[in-house]
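structure17.pdb (PDB, C-alpha atoms, pLDDT in the B column)
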```pdb
ATOM      1  CA  MET U 251      -8.731   6.143 -11.073  1.00 93.00           C
ATOM      2  CA  ARG U 252      -8.461   9.440 -12.898  1.00 94.00           C
ATOM      3  CA  ALA U 253      -7.500  11.163  -9.636  1.00 95.00           C
ATOM      4  CA  TYR U 254      -4.694   8.662  -9.011  1.00 96.00           C
ATOM      5  CA  SER U 255      -3.461   9.110 -12.575  1.00 96.00           C
ATOM      6  CA  ILE U 256      -2.939  12.841 -11.986  1.00 96.00           C
ATOM      7  CA  GLY U 257      -1.456  12.633  -8.487  1.00 95.00           C
ATOM      8  CA  LEU U 258      -4.460  12.938  -6.172  1.00 95.00           C
ATOM      9  CA  PHE U 259      -5.635  10.517  -3.503  1.00 94.00           C
ATOM     10  CA  PRO U 260      -8.688  10.532  -1.200  1.00 93.00           C
ATOM     11  CA  MET U 261      -8.818  10.814   2.568  1.00 92.00           C
ATOM     12  CA  ALA U 262     -11.467  11.483   5.191  1.00 91.00           C
ATOM     13  CA  GLU U 263     -11.279  13.644   8.305  1.00 90.00           C
ATOM     14  CA  SER U 264     -12.216  10.677  10.485  1.00 87.00           C
ATOM     15  CA  ALA U 265     -13.821   7.249  10.408  1.00 85.00           C
ATOM     16  CA  ASP U 266     -17.143   8.845  11.403  1.00 88.00           C
ATOM     17  CA  ASP U 267     -17.148  11.471   8.645  1.00 90.00           C
ATOM     18  CA  PRO U 268     -18.879  10.128   5.497  1.00 89.00           C
ATOM     19  CA  GLU U 269     -17.204  12.733   3.259  1.00 92.00           C
ATOM     20  CA  ILE U 270     -13.874  12.395   1.481  1.00 93.00           C
ATOM     21  CA  PHE U 271     -11.487  15.040   0.181  1.00 93.00           C
ATOM     22  CA  TRP U 272      -8.627  14.978  -2.304  1.00 95.00           C
ATOM     23  CA  VAL U 273      -4.997  15.384  -1.288  1.00 94.00           C
ATOM     24  CA  GLU U 274      -2.020  16.438  -3.427  1.00 94.00           C
ATOM     25  CA  PRO U 275       1.040  16.948  -1.201  1.00 94.00           C
ATOM     26  CA  GLU U 276       3.827  19.362  -2.141  1.00 95.00           C
ATOM     27  CA  LEU U 277       6.278  16.593  -1.201  1.00 96.00           C
ATOM     28  CA  ARG U 278       5.324  13.060  -2.202  1.00 97.00           C
ATOM     29  CA  GLY U 279       6.626   9.962  -0.487  1.00 97.00           C
ATOM     30  CA  ILE U 280       7.955   7.188  -2.697  1.00 98.00           C
ATOM     31  CA  ILE U 281      10.098   4.114  -2.227  1.00 98.00           C
ATOM     32  CA  PRO U 282      12.466   3.776  -5.190  1.00 97.00           C
ATOM     33  CA  LEU U 283      12.177   0.106  -6.146  1.00 97.00           C
ATOM     34  CA  ASP U 284      15.831  -0.135  -7.165  1.00 95.00           C
ATOM     35  CA  THR U 285      17.136   1.098  -3.794  1.00 95.00           C
ATOM     36  CA  PHE U 286      14.638  -0.629  -1.477  1.00 97.00           C
ATOM     37  CA  HIS U 287      16.506  -1.621   1.688  1.00 95.00           C
ATOM     38  CA  VAL U 288      15.822  -4.557   4.014  1.00 96.00           C
ATOM     39  CA  SER U 289      17.720  -4.670   7.315  1.00 95.00           C
ATOM     40  CA  LYS U 290      19.745  -7.792   8.139  1.00 96.00           C
ATOM     41  CA  SER U 291      17.514  -8.558  11.118  1.00 96.00           C
ATOM     42  CA  LEU U 292      14.326  -8.338   9.028  1.00 97.00           C
ATOM     43  CA  ALA U 293      15.864 -10.435   6.236  1.00 97.00           C
ATOM     44  CA  LYS U 294      16.756 -13.081   8.840  1.00 97.00           C
ATOM     45  CA  LYS U 295      13.199 -13.079  10.185  1.00 97.00           C
ATOM     46  CA  ILE U 296      11.761 -13.434   6.663  1.00 97.00           C
ATOM     47  CA  ARG U 297      13.961 -16.495   6.079  1.00 97.00           C
ATOM     48  CA  GLN U 298      12.302 -18.076   9.143  1.00 96.00           C
ATOM     49  CA  HIS U 299       8.882 -17.801   7.399  1.00 96.00           C
ATOM     50  CA  PRO U 300       6.974 -16.590  10.478  1.00 96.00           C
ATOM     51  CA  PHE U 301       3.808 -15.925   8.443  1.00 98.00           C
ATOM     52  CA  ASP U 302       1.933 -17.320   5.484  1.00 98.00           C
ATOM     53  CA  ILE U 303       1.995 -14.422   2.988  1.00 98.00           C
ATOM     54  CA  ARG U 304      -1.005 -14.169   0.677  1.00 97.00           C
ATOM     55  CA  PHE U 305      -2.088 -11.719  -1.986  1.00 97.00           C
ATOM     56  CA  ASP U 306      -5.711 -10.575  -2.345  1.00 97.00           C
ATOM     57  CA  SER U 307      -7.142 -13.451  -0.306  1.00 96.00           C
ATOM     58  CA  ASP U 308      -9.193 -11.194   2.018  1.00 97.00           C
ATOM     59  CA  PHE U 309      -8.913  -7.614   0.804  1.00 97.00           C
ATOM     60  CA  GLU U 310     -11.887  -6.346   2.802  1.00 96.00           C
ATOM     61  CA  ALA U 311     -10.476  -7.738   6.069  1.00 97.00           C
ATOM     62  CA  VAL U 312      -7.217  -5.888   5.401  1.00 97.00           C
ATOM     63  CA  ILE U 313      -8.872  -2.526   4.814  1.00 96.00           C
ATOM     64  CA  ALA U 314     -11.077  -3.090   7.887  1.00 94.00           C
ATOM     65  CA  ALA U 315      -7.986  -3.836  10.014  1.00 95.00           C
ATOM     66  CA  CYS U 316      -6.192  -0.776   8.634  1.00 93.00           C
ATOM     67  CA  GLY U 317      -9.189   1.292   9.736  1.00 90.00           C
ATOM     68  CA  GLU U 318      -9.314  -0.053  13.293  1.00 89.00           C
ATOM     69  CA  GLN U 319      -8.534   2.277  16.155  1.00 78.00           C
ATOM     70  CA  THR U 320      -5.683   0.961  18.301  1.00 75.00           C
ATOM     71  CA  SER U 321      -3.695   2.228  21.277  1.00 69.00           C
ATOM     72  CA  ASP U 322      -0.988   3.610  18.987  1.00 71.00           C
ATOM     73  CA  ARG U 323      -3.520   4.811  16.398  1.00 67.00           C
ATOM     74  CA  PRO U 324      -6.473   6.311  18.283  1.00 66.00           C
ATOM     75  CA  SER U 325      -8.066   7.812  15.161  1.00 73.00           C
ATOM     76  CA  THR U 326      -8.262   6.778  11.523  1.00 81.00           C
ATOM     77  CA  TRP U 327      -9.098   8.402   8.197  1.00 82.00           C
ATOM     78  CA  ILE U 328     -10.573   5.203   6.722  1.00 91.00           C
ATOM     79  CA  ASN U 329     -14.328   5.714   6.698  1.00 91.00           C
ATOM     80  CA  GLU U 330     -17.152   3.614   5.230  1.00 92.00           C
ATOM     81  CA  THR U 331     -17.043   5.598   1.965  1.00 93.00           C
ATOM     82  CA  ILE U 332     -13.375   4.741   1.483  1.00 94.00           C
ATOM     83  CA  ARG U 333     -13.953   1.098   2.417  1.00 94.00           C
ATOM     84  CA  SER U 334     -16.753   0.833  -0.139  1.00 95.00           C
ATOM     85  CA  LEU U 335     -14.833   2.595  -2.910  1.00 95.00           C
ATOM     86  CA  TYR U 336     -11.733   0.454  -2.451  1.00 96.00           C
ATOM     87  CA  ALA U 337     -13.782  -2.748  -2.273  1.00 96.00           C
ATOM     88  CA  THR U 338     -15.170  -1.782  -5.689  1.00 96.00           C
ATOM     89  CA  LEU U 339     -11.654  -1.044  -6.982  1.00 96.00           C
ATOM     90  CA  HIS U 340     -10.595  -4.468  -5.700  1.00 97.00           C
ATOM     91  CA  HIS U 341     -13.453  -6.195  -7.497  1.00 96.00           C
ATOM     92  CA  ILE U 342     -12.485  -4.566 -10.803  1.00 95.00           C
ATOM     93  CA  GLY U 343      -8.817  -5.480 -10.357  1.00 95.00           C
ATOM     94  CA  HIS U 344      -7.215  -2.177  -9.303  1.00 96.00           C
ATOM     95  CA  ALA U 345      -6.946  -2.482  -5.500  1.00 97.00           C
ATOM     96  CA  HIS U 346      -4.853  -5.185  -3.891  1.00 98.00           C
ATOM     97  CA  SER U 347      -3.735  -6.500  -0.537  1.00 98.00           C
ATOM     98  CA  VAL U 348      -0.673  -8.270   0.808  1.00 98.00           C
ATOM     99  CA  GLU U 349      -1.507 -10.262   3.915  1.00 98.00           C
ATOM    100  CA  ALA U 350       0.351 -11.986   6.748  1.00 98.00           C
ATOM    101  CA  TRP U 351      -1.502 -14.953   8.221  1.00 98.00           C
ATOM    102  CA  GLU U 352      -0.933 -17.206  11.242  1.00 97.00           C
ATOM    103  CA  GLY U 353      -3.118 -20.183  10.483  1.00 95.00           C
ATOM    104  CA  ASP U 354      -6.574 -18.736   9.897  1.00 95.00           C
ATOM    105  CA  ARG U 355      -5.788 -15.429  11.658  1.00 97.00           C
ATOM    106  CA  LEU U 356      -4.924 -12.273   9.708  1.00 98.00           C
ATOM    107  CA  VAL U 357      -2.077 -10.646  11.676  1.00 98.00           C
ATOM    108  CA  GLY U 358      -0.771  -7.966   9.320  1.00 97.00           C
ATOM    109  CA  GLY U 359      -1.138  -6.506   5.898  1.00 97.00           C
ATOM    110  CA  LEU U 360      -1.275  -3.580   3.551  1.00 98.00           C
ATOM    111  CA  TYR U 361      -3.396  -2.452   0.635  1.00 98.00           C
ATOM    112  CA  GLY U 362      -3.085  -0.108  -2.284  1.00 97.00           C
ATOM    113  CA  VAL U 363      -4.057   0.675  -5.861  1.00 98.00           C
ATOM    114  CA  SER U 364      -2.359  -0.425  -9.072  1.00 97.00           C
ATOM    115  CA  LEU U 365      -2.631   1.657 -12.220  1.00 97.00           C
ATOM    116  CA  GLY U 366      -0.282   1.631 -15.202  1.00 97.00           C
ATOM    117  CA  SER U 367       3.113   0.652 -13.798  1.00 98.00           C
ATOM    118  CA  ALA U 368       2.448   2.410 -10.470  1.00 98.00           C
ATOM    119  CA  PHE U 369       1.361   1.031  -7.117  1.00 98.00           C
ATOM    120  CA  PHE U 370      -0.121   3.537  -4.669  1.00 98.00           C
ATOM    121  CA  GLY U 371       0.272   2.274  -1.105  1.00 97.00           C
ATOM    122  CA  GLU U 372      -2.647   3.314   1.066  1.00 95.00           C
ATOM    123  CA  SER U 373      -2.336   1.857   4.546  1.00 94.00           C
ATOM    124  CA  MET U 374      -0.851  -0.997   6.558  1.00 94.00           C
ATOM    125  CA  PHE U 375      -1.461  -2.653   9.905  1.00 94.00           C
ATOM    126  CA  SER U 376       0.313  -5.122  12.154  1.00 94.00           C
ATOM    127  CA  ARG U 377      -0.934  -7.322  14.985  1.00 95.00           C
ATOM    128  CA  ARG U 378       2.410  -9.152  15.262  1.00 96.00           C
ATOM    129  CA  THR U 379       5.931  -7.763  15.326  1.00 95.00           C
ATOM    130  CA  ASP U 380       7.206  -7.101  11.797  1.00 96.00           C
ATOM    131  CA  ALA U 381       4.073  -8.443  10.049  1.00 97.00           C
ATOM    132  CA  SER U 382       3.425  -5.283   8.024  1.00 96.00           C
ATOM    133  CA  LYS U 383       7.139  -4.857   7.307  1.00 97.00           C
ATOM    134  CA  ILE U 384       7.310  -8.369   5.890  1.00 98.00           C
ATOM    135  CA  CYS U 385       4.242  -7.640   3.757  1.00 98.00           C
ATOM    136  CA  LEU U 386       6.018  -4.562   2.399  1.00 98.00           C
ATOM    137  CA  VAL U 387       9.048  -6.672   1.441  1.00 98.00           C
ATOM    138  CA  TYR U 388       6.785  -9.118  -0.419  1.00 98.00           C
ATOM    139  CA  LEU U 389       4.990  -6.200  -2.098  1.00 98.00           C
ATOM    140  CA  VAL U 390       8.248  -4.760  -3.413  1.00 98.00           C
ATOM    141  CA  GLU U 391       9.386  -8.184  -4.607  1.00 97.00           C
ATOM    142  CA  ARG U 392       6.137  -8.605  -6.554  1.00 97.00           C
ATOM    143  CA  LEU U 393       6.307  -5.096  -8.024  1.00 98.00           C
ATOM    144  CA  ARG U 394       9.873  -5.684  -9.215  1.00 97.00           C
ATOM    145  CA  GLU U 395       8.993  -9.085 -10.710  1.00 96.00           C
ATOM    146  CA  ARG U 396       6.111  -7.631 -12.678  1.00 96.00           C
ATOM    147  CA  GLY U 397       7.833  -4.529 -14.012  1.00 97.00           C
ATOM    148  CA  PHE U 398       6.262  -1.808 -11.871  1.00 98.00           C
ATOM    149  CA  THR U 399       8.233   1.456 -11.880  1.00 98.00           C
ATOM    150  CA  LEU U 400       6.674   3.560  -9.104  1.00 98.00           C
ATOM    151  CA  LEU U 401       5.814   2.757  -5.473  1.00 98.00           C
ATOM    152  CA  ASP U 402       3.957   5.745  -4.063  1.00 98.00           C
ATOM    153  CA  THR U 403       3.708   5.912  -0.256  1.00 96.00           C
ATOM    154  CA  GLN U 404       1.913   9.300  -0.248  1.00 95.00           C
ATOM    155  CA  PHE U 405       3.954  10.515   2.708  1.00 94.00           C
ATOM    156  CA  THR U 406       7.200   9.368   4.273  1.00 94.00           C
ATOM    157  CA  THR U 407       7.430   8.191   7.866  1.00 91.00           C
ATOM    158  CA  GLU U 408      10.434   7.219   9.930  1.00 91.00           C
ATOM    159  CA  HIS U 409       9.269   3.616   9.544  1.00 89.00           C
ATOM    160  CA  LEU U 410       9.227   3.861   5.724  1.00 94.00           C
ATOM    161  CA  LYS U 411      12.548   5.718   5.612  1.00 95.00           C
ATOM    162  CA  THR U 412      14.253   2.618   7.034  1.00 95.00           C
ATOM    163  CA  PHE U 413      13.303   0.916   3.749  1.00 97.00           C
ATOM    164  CA  GLY U 414      14.623   3.784   1.625  1.00 96.00           C
ATOM    165  CA  ALA U 415      11.526   5.977   1.303  1.00 97.00           C
ATOM    166  CA  ILE U 416      12.228   9.517   0.124  1.00 97.00           C
ATOM    167  CA  ASP U 417      10.287  12.714  -0.441  1.00 97.00           C
ATOM    168  CA  VAL U 418      10.156  14.062  -3.968  1.00 97.00           C
ATOM    169  CA  PRO U 419       8.872  17.511  -4.983  1.00 97.00           C
ATOM    170  CA  LYS U 420       5.476  17.616  -6.681  1.00 96.00           C
ATOM    171  CA  ASP U 421       6.971  18.451 -10.117  1.00 96.00           C
ATOM    172  CA  ALA U 422       9.421  15.541 -10.019  1.00 97.00           C
ATOM    173  CA  TYR U 423       6.663  13.218  -8.841  1.00 97.00           C
ATOM    174  CA  ALA U 424       4.415  14.379 -11.694  1.00 97.00           C
ATOM    175  CA  LYS U 425       7.072  13.286 -14.219  1.00 97.00           C
ATOM    176  CA  MET U 426       7.464   9.861 -12.567  1.00 98.00           C
ATOM    177  CA  LEU U 427       3.702   9.449 -12.489  1.00 98.00           C
ATOM    178  CA  GLU U 428       3.289  10.472 -16.125  1.00 97.00           C
ATOM    179  CA  GLU U 429       5.830   7.825 -17.183  1.00 97.00           C
ATOM    180  CA  ALA U 430       4.074   5.178 -15.073  1.00 98.00           C
ATOM    181  CA  MET U 431       0.710   6.099 -16.614  1.00 97.00           C
ATOM    182  CA  GLU U 432       2.115   5.604 -20.131  1.00 97.00           C
ATOM    183  CA  SER U 433       2.392   1.885 -19.340  1.00 95.00           C
ATOM    184  CA  PRO U 434      -0.489  -0.504 -19.856  1.00 94.00           C
ATOM    185  CA  ASN U 435      -2.017  -1.635 -16.555  1.00 94.00           C
ATOM    186  CA  LEU U 436       0.401  -4.231 -15.212  1.00 95.00           C
ATOM    187  CA  SER U 437      -0.896  -7.408 -13.626  1.00 94.00           C
ATOM    188  CA  PHE U 438      -0.574  -7.483  -9.833  1.00 94.00           C
ATOM    189  CA  SER U 439      -2.548 -10.626  -9.000  1.00 84.00           C
ATOM    190  CA  ASP U 440      -1.946 -14.090 -10.378  1.00 78.00           C
ATOM    191  CA  ASP U 441      -5.543 -14.240 -11.602  1.00 66.00           C
ATOM    192  CA  GLN U 442      -5.303 -10.975 -13.562  1.00 54.00           C
ATOM    193  CA  PRO U 443      -4.575 -11.051 -17.299  1.00 49.00           C
TER     194      PRO U 443
END
```
Translate this structure into C-alpha cells?
Amino acid sequence: MRAYSIGLFPMAESADDPEIFWVEPELRGIIPLDTFHVSKSLAKKIRQHPFDIRFDSDFEAVIAACGEQTSDRPSTWINETIRSLYATLHHIGHAHSVEAWEGDRLVGGLYGVSLGSAFFGESMFSRRTDASKICLVYLVERLRERGFTLLDTQFTTEHLKTFGAIDVPKDAYAKMLEEAMESPNLSFSDDQP
C-alpha cells in the first residue's frame, strides 16, 4: 500500500517467475473521471443489459482470468505472488473487482486497488465482446458516485484512449496522487464502512 501511495506498482517478468519488481513510469496513464467518454454504440449496448454486473463477488476468479494466456495475450505478468498479494489486499478491503456475468459464467471483468480517493486499475479481461469495456463504464460510475478523484491506468493503450485515457508526466501525476492520498480511504464496496 505504501508503494501505491508514492506512485509505484508491482509487476512480474512472466507468470512463471515468482519474483516481482516495482515500476514507476515516466508517463503515467490516467482516465480523468470528469472527461470519461462512452461511445454511442457502447452506451446502446449497456442499455440492453447484456451482462449481470457485480462488484467483488468473485475477486480471485477475476485475477485468475486476467492472468490466463490467450491467443491475443500469449504471455502474462500476473504470477502466483501477485495473485496471492492481491487476494490479501482484497480480504482487507483494498483490492476490488468489477465483473460481467452471463448466468453463472464469468465472461469479463477488471480488478484494481483503492487507496485514499484513488483507484489503481491493474488488469482486465473479456470472454465476450465489450464485457471488459462495460465493466470499465460501471467502475467509473461507481468511482464518481463515491467521490474518487483519480483513476490510474498505469499505461495508456489505444483501447483506453477511446474512453479518454491520457498520459501525464511523472511530476504532474505525483501531485494528483498526493491530493488523492490526503483523502480518507473511500468506500468502494457496499459492505465497506
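For the set U:Ser347, U:Ser255, U:Thr320, U:Thr285, the residue with the smallest atom-to-atom gap to Arg377 of chain U is U:Thr320, counting all atoms listed in the file.
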Open item on the list: Quick check, in Å to one decimal: how far apart do atom CA of Leu365 of chain U and atom CA of Ala424 of chain U lie?
Closed with: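 Taking atom CA of Leu365 of chain U as the start and atom CA of Ala424 of chain U as the end point, the length is 14.6 Å.
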- [ ] Using only C-alpha atoms, pick whichever of U:Leu292, U:Leu339, U:Ala415, U:Leu393 has the shortest atom-to-atom distance to Thr379 of chain U.
- [x] U:Leu292
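Residues lying within 8 Å of Glu274 of chain U, counting all atoms listed in the file and ignoring same-chain neighbours fewer than 4 positions away, are Gly257, Leu258 and Phe259 of chain U.
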TODO: Can you pull out every residue within 8 Å of Phe413 of chain U, counting all atoms listed in the file, but drop anything in the same chain fewer than 6 positions away, and send it as JSON, numbers by chain?
DONE: {"U": [281, 286, 287, 288, 289]}
Picked residues, the PyMOL selection byres ((chain U and resi 282) around 12), as a tab-separated table (two decimals) with C-alpha atoms, in the coordinates of the input:
```
chain	number	residue	atom	x	y	z
U	279	GLY	CA	6.63	9.96	-0.49
U	280	ILE	CA	7.96	7.19	-2.70
U	281	ILE	CA	10.10	4.11	-2.23
U	283	LEU	CA	12.18	0.11	-6.15
U	284	ASP	CA	15.83	-0.14	-7.16
U	285	THR	CA	17.14	1.10	-3.79
U	286	PHE	CA	14.64	-0.63	-1.48
U	287	HIS	CA	16.51	-1.62	1.69
U	368	ALA	CA	2.45	2.41	-10.47
U	369	PHE	CA	1.36	1.03	-7.12
U	390	VAL	CA	8.25	-4.76	-3.41
U	393	LEU	CA	6.31	-5.10	-8.02
U	394	ARG	CA	9.87	-5.68	-9.22
U	398	PHE	CA	6.26	-1.81	-11.87
U	399	THR	CA	8.23	1.46	-11.88
U	400	LEU	CA	6.67	3.56	-9.10
U	401	LEU	CA	5.81	2.76	-5.47
U	402	ASP	CA	3.96	5.74	-4.06
U	403	THR	CA	3.71	5.91	-0.26
U	410	LEU	CA	9.23	3.86	5.72
U	411	LYS	CA	12.55	5.72	5.61
U	413	PHE	CA	13.30	0.92	3.75
U	414	GLY	CA	14.62	3.78	1.62
U	415	ALA	CA	11.53	5.98	1.30
U	416	ILE	CA	12.23	9.52	0.12
U	417	ASP	CA	10.29	12.71	-0.44
U	418	VAL	CA	10.16	14.06	-3.97
U	423	TYR	CA	6.66	13.22	-8.84
U	426	MET	CA	7.46	9.86	-12.57
```
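Atom pair atom CA of Met374 of chain U / atom CA of Gly317 of chain U: separated by 9.2 Å.
Note that the spacing between atom CA of Ala265 of chain U and atom CA of Thr326 of chain U amounts to 5.7 Å.
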What are the centre and edge lengths in Å, to one decimal, of the axis-aligned box around all listed atoms of segment 385-398 of chain U with 8 Å added on each side, as JSON?
```
{"center_x": 7.1, "center_y": -5.5, "center_z": -5.1, "size_x": 21.6, "size_y": 23.3, "size_z": 33.8}
```
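Using all atoms listed in the file, the protein and nucleic acid residues lying no more than 12 Å from Ala253 of chain U, apart from those fewer than 6 places from it along its own chain, are U:Phe259, U:Pro260, U:Phe271, U:Trp272, U:Val273, U:Glu274, U:Val363, U:Leu365, U:Phe370, U:Leu427, U:Met431.
Neighbours of Arg333 of chain U closer than or equal to 9 Å, with all atoms listed in the file counted and sequence neighbours fewer than 4 positions away skipped, come out as Glu310, Ile313, Ala314, Gly317, Ile328, Asn329, Ala337 and Thr338 of chain U.
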- [ ] Let me know the residues the PyMOL selection byres ((chain U and resi 436) around 8) catches in the file above, as an MDAnalysis selection string.
- [x] chainID U and resid 364:367 396:398 433:435 437:438
Keeping only C-alpha atoms, write the selected residues to a file as an mmCIF file, in the frame of the given file.
```cif
data_model
loop_
_atom_site.group_PDB
_atom_site.id
_atom_site.type_symbol
_atom_site.label_atom_id
_atom_site.label_comp_id
_atom_site.auth_asym_id
_atom_site.auth_seq_id
_atom_site.Cartn_x
_atom_site.Cartn_y
_atom_site.Cartn_z
ATOM 1 C CA SER U 364 -2.359 -0.425 -9.072
ATOM 2 C CA LEU U 365 -2.631 1.657 -12.220
ATOM 3 C CA GLY U 366 -0.282 1.631 -15.202
ATOM 4 C CA SER U 367 3.113 0.652 -13.798
ATOM 5 C CA ARG U 396 6.111 -7.631 -12.678
ATOM 6 C CA GLY U 397 7.833 -4.529 -14.012
ATOM 7 C CA PHE U 398 6.262 -1.808 -11.871
ATOM 8 C CA SER U 433 2.392 1.885 -19.340
ATOM 9 C CA PRO U 434 -0.489 -0.504 -19.856
ATOM 10 C CA ASN U 435 -2.017 -1.635 -16.555
ATOM 11 C CA SER U 437 -0.896 -7.408 -13.626
ATOM 12 C CA PHE U 438 -0.574 -7.483 -9.833
#
```
Task: Using only C-alpha atoms: which of U:Val348, U:Phe375, U:His341, U:Pro275 has the shortest distance to Thr406 of chain U - done: U:Pro275
Any chance you could model N, CA and C atoms for segment 409-421 of chain U and send them as a CSV table (one decimal), in the coordinates of the input?
```csv
chain,number,residue,atom,x,y,z
U,409,HIS,N,9.4,5.0,9.8
U,409,HIS,CA,9.3,3.6,9.5
U,409,HIS,C,9.6,3.3,8.1
U,410,LEU,N,9.0,4.1,7.2
U,410,LEU,CA,9.2,3.9,5.7
U,410,LEU,C,10.6,4.3,5.3
U,411,LYS,N,11.2,5.3,6.0
U,411,LYS,CA,12.5,5.7,5.6
U,411,LYS,C,13.6,4.6,5.9
U,412,THR,N,13.3,3.7,6.8
U,412,THR,CA,14.3,2.6,7.0
U,412,THR,C,14.3,1.7,5.8
U,413,PHE,N,13.3,1.7,5.0
U,413,PHE,CA,13.3,0.9,3.7
U,413,PHE,C,13.8,1.7,2.5
U,414,GLY,N,14.1,3.0,2.7
U,414,GLY,CA,14.6,3.8,1.6
U,414,GLY,C,13.6,4.8,1.1
U,415,ALA,N,12.5,5.0,1.8
U,415,ALA,CA,11.5,6.0,1.3
U,415,ALA,C,12.1,7.4,1.3
U,416,ILE,N,11.8,8.1,0.3
U,416,ILE,CA,12.2,9.5,0.1
U,416,ILE,C,11.1,10.4,-0.2
U,417,ASP,N,11.2,11.7,0.0
U,417,ASP,CA,10.3,12.7,-0.4
U,417,ASP,C,10.7,13.3,-1.8
U,418,VAL,N,9.8,13.4,-2.7
U,418,VAL,CA,10.2,14.1,-4.0
U,418,VAL,C,9.2,15.2,-4.2
U,419,PRO,N,9.7,16.4,-4.7
U,419,PRO,CA,8.9,17.5,-5.0
U,419,PRO,C,7.8,17.2,-6.0
U,420,LYS,N,6.7,17.9,-5.9
U,420,LYS,CA,5.5,17.6,-6.7
U,420,LYS,C,5.8,17.5,-8.2
U,421,ASP,N,6.6,18.4,-8.7
U,421,ASP,CA,7.0,18.5,-10.1
U,421,ASP,C,7.7,17.2,-10.5
```
